[in-house]
$ cat protein.txt   # compact mmCIF, C-alpha atoms and all ligand atoms
# COMPACT_ATOMS: atom_id res chain seq x y z
CA MET A 204 122.74 52.42 -99.89
CA LEU A 205 121.94 48.84 -99.00
CA VAL A 206 125.59 48.07 -98.58
CA SER A 207 126.15 50.99 -96.29
CA ILE A 208 123.16 49.98 -94.14
CA LEU A 209 124.52 46.44 -93.97
CA GLN A 210 127.91 47.83 -93.10
CA LEU A 211 126.29 49.94 -90.42
CA VAL A 212 124.43 46.93 -88.99
CA GLU A 213 127.63 44.92 -89.10
CA LYS A 214 129.52 47.72 -87.44
CA ARG A 215 126.87 48.02 -84.77
CA ASN A 216 126.98 44.28 -84.17
CA SER A 217 130.73 44.29 -83.84
CA VAL A 218 130.52 47.24 -81.44
CA LYS A 219 127.91 45.26 -79.49
CA LYS A 220 130.18 42.24 -79.58
CA ILE A 221 133.14 44.23 -78.32
CA ALA A 222 130.92 45.80 -75.68
CA SER A 223 129.73 42.39 -74.53
CA ILE A 224 133.30 41.09 -74.43
CA LEU A 225 134.32 44.11 -72.37
CA LEU A 226 131.35 43.59 -70.08
CA ALA A 227 132.23 39.91 -69.61
CA ALA A 228 135.84 40.86 -68.90
CA SER A 229 134.81 43.51 -66.40
CA LEU A 230 132.48 41.01 -64.67
CA LEU A 231 135.38 38.60 -64.39
CA LEU A 232 137.60 41.29 -62.91
CA ALA A 233 135.02 43.16 -60.88
CA PRO A 234 134.56 40.81 -57.92
CA VAL A 235 138.31 40.62 -57.38
CA ALA A 236 138.73 44.36 -57.60
CA ALA A 237 135.76 45.03 -55.32
CA GLN A 238 136.96 42.73 -52.54
CA GLY A 239 140.64 43.53 -52.97
CA ALA A 240 142.72 40.85 -54.61
CA THR A 241 143.99 38.19 -52.26
CA PRO A 242 147.73 38.65 -52.07
CA ARG A 243 150.08 35.73 -52.60
CA THR A 244 152.01 34.45 -49.59
CA ASN A 245 155.55 35.92 -49.61
CA SER A 246 154.57 38.68 -52.03
CA ALA A 247 155.58 42.20 -51.01
CA CYS A 248 153.32 44.30 -48.80
CA ALA A 249 153.53 47.93 -47.78
CA ASN A 250 152.46 48.24 -44.17
CA SER A 251 153.74 46.09 -41.35
CA GLY A 252 150.75 44.89 -39.36
CA ALA A 253 148.29 45.21 -42.24
CA VAL A 254 145.80 42.38 -42.49
CA THR A 255 143.93 40.70 -45.33
CA ALA A 256 140.88 39.08 -43.78
CA THR A 257 138.33 36.96 -45.62
CA ALA A 258 135.57 34.72 -44.27
CA LYS A 259 137.94 31.77 -44.52
CA PHE A 260 141.43 32.99 -43.75
CA THR A 261 143.63 35.80 -42.45
CA MET A 262 146.97 37.01 -43.81
CA VAL A 263 149.31 39.38 -42.00
CA CYS A 264 151.93 41.68 -43.50
CA ALA A 265 155.17 41.23 -41.54
CA THR A 266 158.94 41.31 -41.89
CA ASN A 267 160.44 38.02 -43.04
CA ALA A 268 163.88 36.55 -42.23
CA SER A 269 165.46 38.62 -45.01
CA GLY A 270 164.06 41.84 -43.58
CA LYS A 271 161.44 42.26 -46.28
CA LEU A 272 157.79 43.07 -45.69
CA VAL A 273 155.76 40.19 -47.09
CA TRP A 274 152.33 38.64 -46.73
CA GLY A 275 152.32 35.63 -44.43
CA LYS A 276 150.55 32.37 -45.08
CA GLN A 277 146.77 32.00 -45.08
CA LEU A 278 145.73 31.27 -41.50
CA PRO A 279 142.40 29.40 -41.44
CA VAL A 280 139.74 31.28 -39.47
CA SER A 281 138.53 30.04 -36.11
CA LYS A 282 137.00 31.71 -33.07
CA ALA A 283 139.36 32.91 -30.35
CA THR A 284 138.30 32.20 -26.75
CA LEU A 285 139.42 35.57 -25.45
CA VAL A 286 137.57 38.40 -23.76
CA MET A 287 138.55 41.96 -22.97
CA ALA A 288 137.81 44.32 -20.12
CA ASP A 289 137.93 48.13 -20.03
CA ALA A 290 138.35 48.49 -23.78
CA TRP A 291 138.69 52.10 -24.91
CA VAL A 292 140.27 54.11 -27.70
CA LYS A 293 141.61 57.64 -27.62
CA SER A 294 139.35 59.85 -29.75
CA ILE A 295 140.94 61.67 -32.67
CA ASP A 296 139.89 64.77 -34.60
CA MET A 297 141.31 65.06 -38.11
CA ALA A 298 141.30 68.86 -37.78
CA THR A 299 144.00 68.71 -35.10
CA ALA A 300 145.60 65.34 -35.80
CA GLY A 301 148.64 66.68 -37.66
CA MET A 302 150.66 65.15 -40.48
CA MET A 303 150.61 61.54 -39.24
CA PRO A 304 147.21 60.98 -37.70
CA MET A 305 147.38 58.13 -35.22
CA THR A 306 145.66 57.06 -32.10
CA ALA A 307 145.74 54.11 -29.75
CA ALA A 308 143.45 51.59 -28.10
CA PHE A 309 143.77 50.09 -24.63
CA GLY A 310 142.19 47.39 -22.51
CA THR A 311 142.89 44.14 -20.72
CA PHE A 312 142.88 40.80 -22.51
CA LEU A 313 141.63 37.86 -20.47
CA ASN A 314 142.52 34.33 -21.48
CA PRO A 315 140.23 31.75 -19.84
CA THR A 316 141.89 28.82 -21.63
CA LYS A 317 144.64 26.49 -20.45
CA SER A 318 147.01 27.58 -23.23
CA ASN A 319 148.93 30.76 -23.86
CA VAL A 320 147.47 32.80 -26.69
CA ARG A 321 149.61 35.01 -28.89
CA ILE A 322 148.02 37.90 -30.75
CA ILE A 323 149.92 38.69 -33.93
CA ALA A 324 147.78 41.34 -35.59
CA ALA A 325 144.61 43.38 -35.47
CA TYR A 326 142.35 45.23 -37.88
CA THR A 327 139.48 47.70 -37.85
CA SER A 328 137.27 49.56 -40.29
CA SER A 329 138.22 52.79 -38.47
CA ALA A 330 141.82 52.93 -39.76
CA PRO A 331 143.73 51.61 -42.79
CA PHE A 332 145.83 49.36 -40.56
CA LEU A 333 146.77 48.71 -36.95
CA GLN A 334 149.99 47.77 -35.22
CA LEU A 335 150.68 46.10 -31.89
CA HIS A 336 153.02 48.49 -30.08
CA GLU A 337 155.21 48.57 -27.03
CA VAL A 338 156.89 51.56 -25.38
CA VAL A 339 160.63 51.31 -24.76
CA MET A 340 163.41 53.60 -23.54
CA SER A 341 165.73 54.71 -26.34
CA ASN A 342 168.54 57.20 -25.69
CA GLY A 343 166.79 58.38 -22.56
CA SER A 344 163.40 58.95 -24.10
CA MET A 345 160.30 56.84 -24.39
CA VAL A 346 159.55 55.69 -27.92
CA MET A 347 157.05 53.25 -29.24
CA GLN A 348 157.65 50.50 -31.73
CA GLN A 349 156.06 47.33 -32.97
CA LYS A 350 156.18 44.56 -30.40
CA ALA A 351 158.17 41.66 -31.82
CA GLY A 352 156.02 38.53 -31.81
CA GLY A 353 152.91 40.43 -30.74
CA PHE A 354 151.08 40.20 -27.39
CA VAL A 355 151.10 36.98 -25.36
CA ILE A 356 148.18 36.43 -23.02
CA PRO A 357 149.17 33.72 -20.54
CA ALA A 358 146.94 30.71 -19.90
CA LYS A 359 144.27 31.54 -17.30
CA GLY A 360 145.83 34.99 -17.19
CA SER A 361 145.55 38.51 -18.49
CA LYS A 362 147.51 41.12 -20.37
CA GLN A 363 146.99 44.85 -20.08
CA MET A 364 147.32 47.51 -22.76
CA LYS A 365 147.62 50.97 -21.19
CA PRO A 366 149.00 54.44 -22.02
CA GLY A 367 152.81 54.50 -21.79
CA SER A 368 152.93 50.75 -22.30
CA ASP A 369 151.65 48.17 -24.77
CA HIS A 370 148.80 49.37 -26.96
CA THR A 371 147.07 48.86 -30.29
CA MET A 372 148.08 51.64 -32.65
CA PHE A 373 145.70 53.07 -35.25
CA MET A 374 147.91 53.97 -38.22
CA SER A 375 147.22 56.55 -40.96
CA VAL A 376 143.83 57.43 -39.51
CA ALA A 377 141.70 59.20 -42.11
CA LYS A 378 138.44 59.91 -40.31
CA ASN A 379 137.43 61.19 -36.91
CA ILE A 380 136.87 58.86 -34.02
CA ASN A 381 134.56 60.95 -31.87
CA PRO A 382 134.17 60.70 -28.10
CA GLY A 383 131.32 58.33 -27.29
CA GLU A 384 131.69 56.45 -30.56
CA ILE A 385 132.18 52.69 -30.56
CA VAL A 386 134.86 51.26 -32.84
CA TYR A 387 135.54 47.59 -33.37
CA ILE A 388 138.90 45.89 -33.45
CA THR A 389 139.35 42.30 -34.56
CA TYR A 390 142.40 40.60 -33.07
CA VAL A 391 144.13 37.71 -34.81
CA THR A 392 146.06 35.02 -32.94
CA SER A 393 149.07 33.06 -34.20
CA THR A 394 146.77 30.19 -35.17
CA GLY A 395 144.35 32.42 -37.08
CA ALA A 396 141.70 32.56 -34.38
CA ARG A 397 139.89 35.90 -34.35
CA PHE A 398 137.78 37.86 -31.91
CA THR A 399 136.14 41.24 -32.33
CA GLN A 400 135.96 43.71 -29.47
CA PRO A 401 134.05 47.00 -29.21
CA PHE A 402 136.10 49.96 -27.92
CA LEU A 403 134.54 53.11 -26.48
CA ALA A 404 136.18 56.30 -27.76
CA LYS A 405 137.02 58.92 -25.17
CA VAL A 406 139.06 62.07 -24.85
CA TYR A 407 142.46 61.38 -23.39
CA VAL A 408 145.01 64.16 -22.89
CA GLY A 409 147.96 62.26 -21.46
CA GLY A 410 150.07 59.83 -23.45
CA ASN A 411 150.16 62.13 -26.45
CA GLU A 412 151.37 59.59 -28.97
CA THR A 413 154.25 60.46 -31.22
CA TYR A 414 155.44 57.88 -33.66
CA THR A 415 159.03 56.94 -34.25
CA PRO A 416 159.24 54.84 -37.38
CA THR A 417 161.13 51.61 -36.89
CA THR A 418 162.43 49.09 -39.37
CA ASN A 419 160.25 46.17 -38.24
CU CU A 501 152.04 53.25 -30.77
$ encode --input "protein.txt" --output "structure tokens"
Amino acid sequence: MLVSILQLVEKRNSVKKIASILLAASLLLAPVAAQGATPRTNSACANSGAVTATAKFTMVCATNASGKLVWGKQLPVSKATLVMADAWVKSIDMATAGMMPMTAAFGTFLNPTKSNVRIIAAYTSSAPFLQLHEVVMSNGSMVMQQKAGGFVIPAKGSKQMKPGSDHTMFMSVAKNINPGEIVYITYVTSTGARFTQPFLAKVYVGGNETYTPTTN
């Protein structure tokens, strides 16, 4: 009887011990899992244009010289000296969005600095990832694709995103963006400078976006 109680206590202690080890292990793993593990530079990524953004750095998923999608280097965060005018996003309703729900954002970048600024990526909490798109003629029809090198805003100049032309594409949208809603896009420059811009959602009938997958 005494032995079995001792065994029971021992058992309970070892269960407690295992539980505490498991708890410690989960605490070690939890913060990484919660924030999303920081990918290694040059490790494979799934979505061209996807961004990993922390308080200190930004990484962009892009095609490398060998044609593989990989995470770029950690770009240290700084504040971009850019502003935007007429920023708006086409509203999207998941009920009618179809198999590949996408929408697009437009506006005019203004660069008050004396240097050209190149935007290489963008991200938002309103879609899993964004892409910087252009519209080109292909076999007599207009198709959109990722803009190689991103958007350049000339020194003391501007650059427009508009329907039928360059735009910021919301990829794999999973929730409605309702007319009147404000969504935020953070743009990332080639040096890692970031700026966040509010976009007003509105109904837009023209420029019904269809997506032609491209290799880049
Ligand atoms: Cu597009």
$ residues_near_point --input "protein.txt" --point "(147.3, 30.9, -35.0)" --cutoff "9 Å" --atoms "only C-alpha atoms" --output "list in words"
Leu278, Pro279, Val280, Ser281, Val320, Arg321, Ile322, Ile323, Val391, Thr392, Ser393, Thr394, Gly395, Ala396 and Arg397 of chain A
$ write_last_selection --input "protein.txt" --atoms "C-alpha atoms" --output "PDB file, keeping the file's coordinate frame"
ATOM      1  CA  LEU A 278     145.730  31.270 -41.500  1.00  0.00           C
ATOM      2  CA  PRO A 279     142.400  29.400 -41.440  1.00  0.00           C
ATOM      3  CA  VAL A 280     139.740  31.280 -39.470  1.00  0.00           C
ATOM      4  CA  SER A 281     138.530  30.040 -36.110  1.00  0.00           C
ATOM      5  CA  VAL A 320     147.470  32.800 -26.690  1.00  0.00           C
ATOM      6  CA  ARG A 321     149.610  35.010 -28.890  1.00  0.00           C
ATOM      7  CA  ILE A 322     148.020  37.900 -30.750  1.00  0.00           C
ATOM      8  CA  ILE A 323     149.920  38.690 -33.930  1.00  0.00           C
ATOM      9  CA  VAL A 391     144.130  37.710 -34.810  1.00  0.00           C
ATOM     10  CA  THR A 392     146.060  35.020 -32.940  1.00  0.00           C
ATOM     11  CA  SER A 393     149.070  33.060 -34.200  1.00  0.00           C
ATOM     12  CA  THR A 394     146.770  30.190 -35.170  1.00  0.00           C
ATOM     13  CA  GLY A 395     144.350  32.420 -37.080  1.00  0.00           C
ATOM     14  CA  ALA A 396     141.700  32.560 -34.380  1.00  0.00           C
ATOM     15  CA  ARG A 397     139.890  35.900 -34.350  1.00  0.00           C
TER      16      ARG A 397
END
$ residues_near_ligand --input "protein.txt" --ligand "ligand CU 501 (chain A)" --cutoff "6 Å" --atoms "only C-alpha atoms and all ligand atoms" --output "list in words"
His336, Met347 and Met372 of chain A
$ atom_distance --input "protein.txt" --atom1 "CA of Pro382 (chain A)" --atom2 "CA of Val355 (chain A)"
29.3 Å
$ closest_residue --input "protein.txt" --among "A:Pro366, A:Gly360, A:Pro304, A:Gly352" --to "Pro331 (chain A)" --atoms "all atoms listed in the file"
A:Pro304
$ closest_residue --input "protein.txt" --among "A:Gln349, A:Thr306, A:Thr255, A:Ser294" --to "Thr389 (chain A)" --atoms "only C-alpha atoms"
A:Thr255
$ atom_distance --input "protein.txt" --atom1 "CA of Arg243 (chain A)" --atom2 "CA of Leu333 (chain A)"
20.6 Å
$ atom_distance --input "protein.txt" --atom1 "CA of Tyr387 (chain A)" --atom2 "CA of Val263 (chain A)"
18.2 Å
$ closest_residue --input "protein.txt" --among "A:Ala324, A:Ile380, A:Met297, A:Ala283" --to "Ala256 (chain A)" --atoms "only C-alpha atoms"
A:Ala324
$ residues_near_point --input "protein.txt" --point "(159.0, 43.2, -41.6)" --cutoff "9 Å" --atoms "all atoms listed in the file" --output "list in words"
Asn250, Ser251, Gly252, Cys264, Ala265, Thr266, Asn267, Ala268, Ser269, Gly270, Lys271, Leu272, Val273, Thr418 and Asn419 of chain A
$ closest_residue --input "protein.txt" --among "A:Leu403, A:Ala298, A:Leu285, A:Ala290" --to "Val376 (chain A)" --atoms "only C-alpha atoms"
A:Ala298
$ closest_residue --input "protein.txt" --among "A:Thr311, A:Ser344, A:Asn319, A:Gln400" --to "His370 (chain A)" --atoms "all atoms listed in the file"
A:Thr311
$ residues_around --input "protein.txt" --residues "Asp296 (chain A)" --least-positions-apart "4" --cutoff "8 Å" --atoms "only C-alpha atoms" --output "number ranges by chain"
A: 300, 378-381
$ axis_aligned_box --input "protein.txt" --around "region 271-274 of chain A" --padding-each-side "8 Å" --output "lines of an AutoDock Vina configuration file"
center_x = 156.9
center_y = 40.9
center_z = -46.4
size_x = 25.1
size_y = 20.4
size_z = 17.4
$ closest_residue --input "protein.txt" --among "A:Phe312, A:Phe260, A:Phe373, A:Tyr407" --to "Leu335 (chain A)" --atoms "only C-alpha atoms"
A:Phe373
$ residues_around --input "protein.txt" --residues "Gly310 (chain A)" --least-positions-apart "4" --cutoff "9 Å" --atoms "all atoms listed in the file" --output "list in words"
Met287, Ala288, Asp289, Ala290, Trp291, Val292, Lys362, Gln363, Met364, Lys365, His370 and Phe402 of chain A
$ residues_around --input "protein.txt" --residues "Met340 (chain A)" --least-positions-apart "6" --cutoff "12 Å" --atoms "only C-alpha atoms" --output "short mmCIF file (atom, residue, chain, number, x, y, z; two decimals) with C-alpha atoms, keeping the file's coordinate frame"
data_model
loop_
_atom_site.label_atom_id
_atom_site.label_comp_id
_atom_site.auth_asym_id
_atom_site.auth_seq_id
_atom_site.Cartn_x
_atom_site.Cartn_y
_atom_site.Cartn_z
CA VAL A 346 159.55 55.69 -27.92
CA MET A 347 157.05 53.25 -29.24
CA GLN A 348 157.65 50.50 -31.73
CA GLY A 367 152.81 54.50 -21.79
CA SER A 368 152.93 50.75 -22.30
#
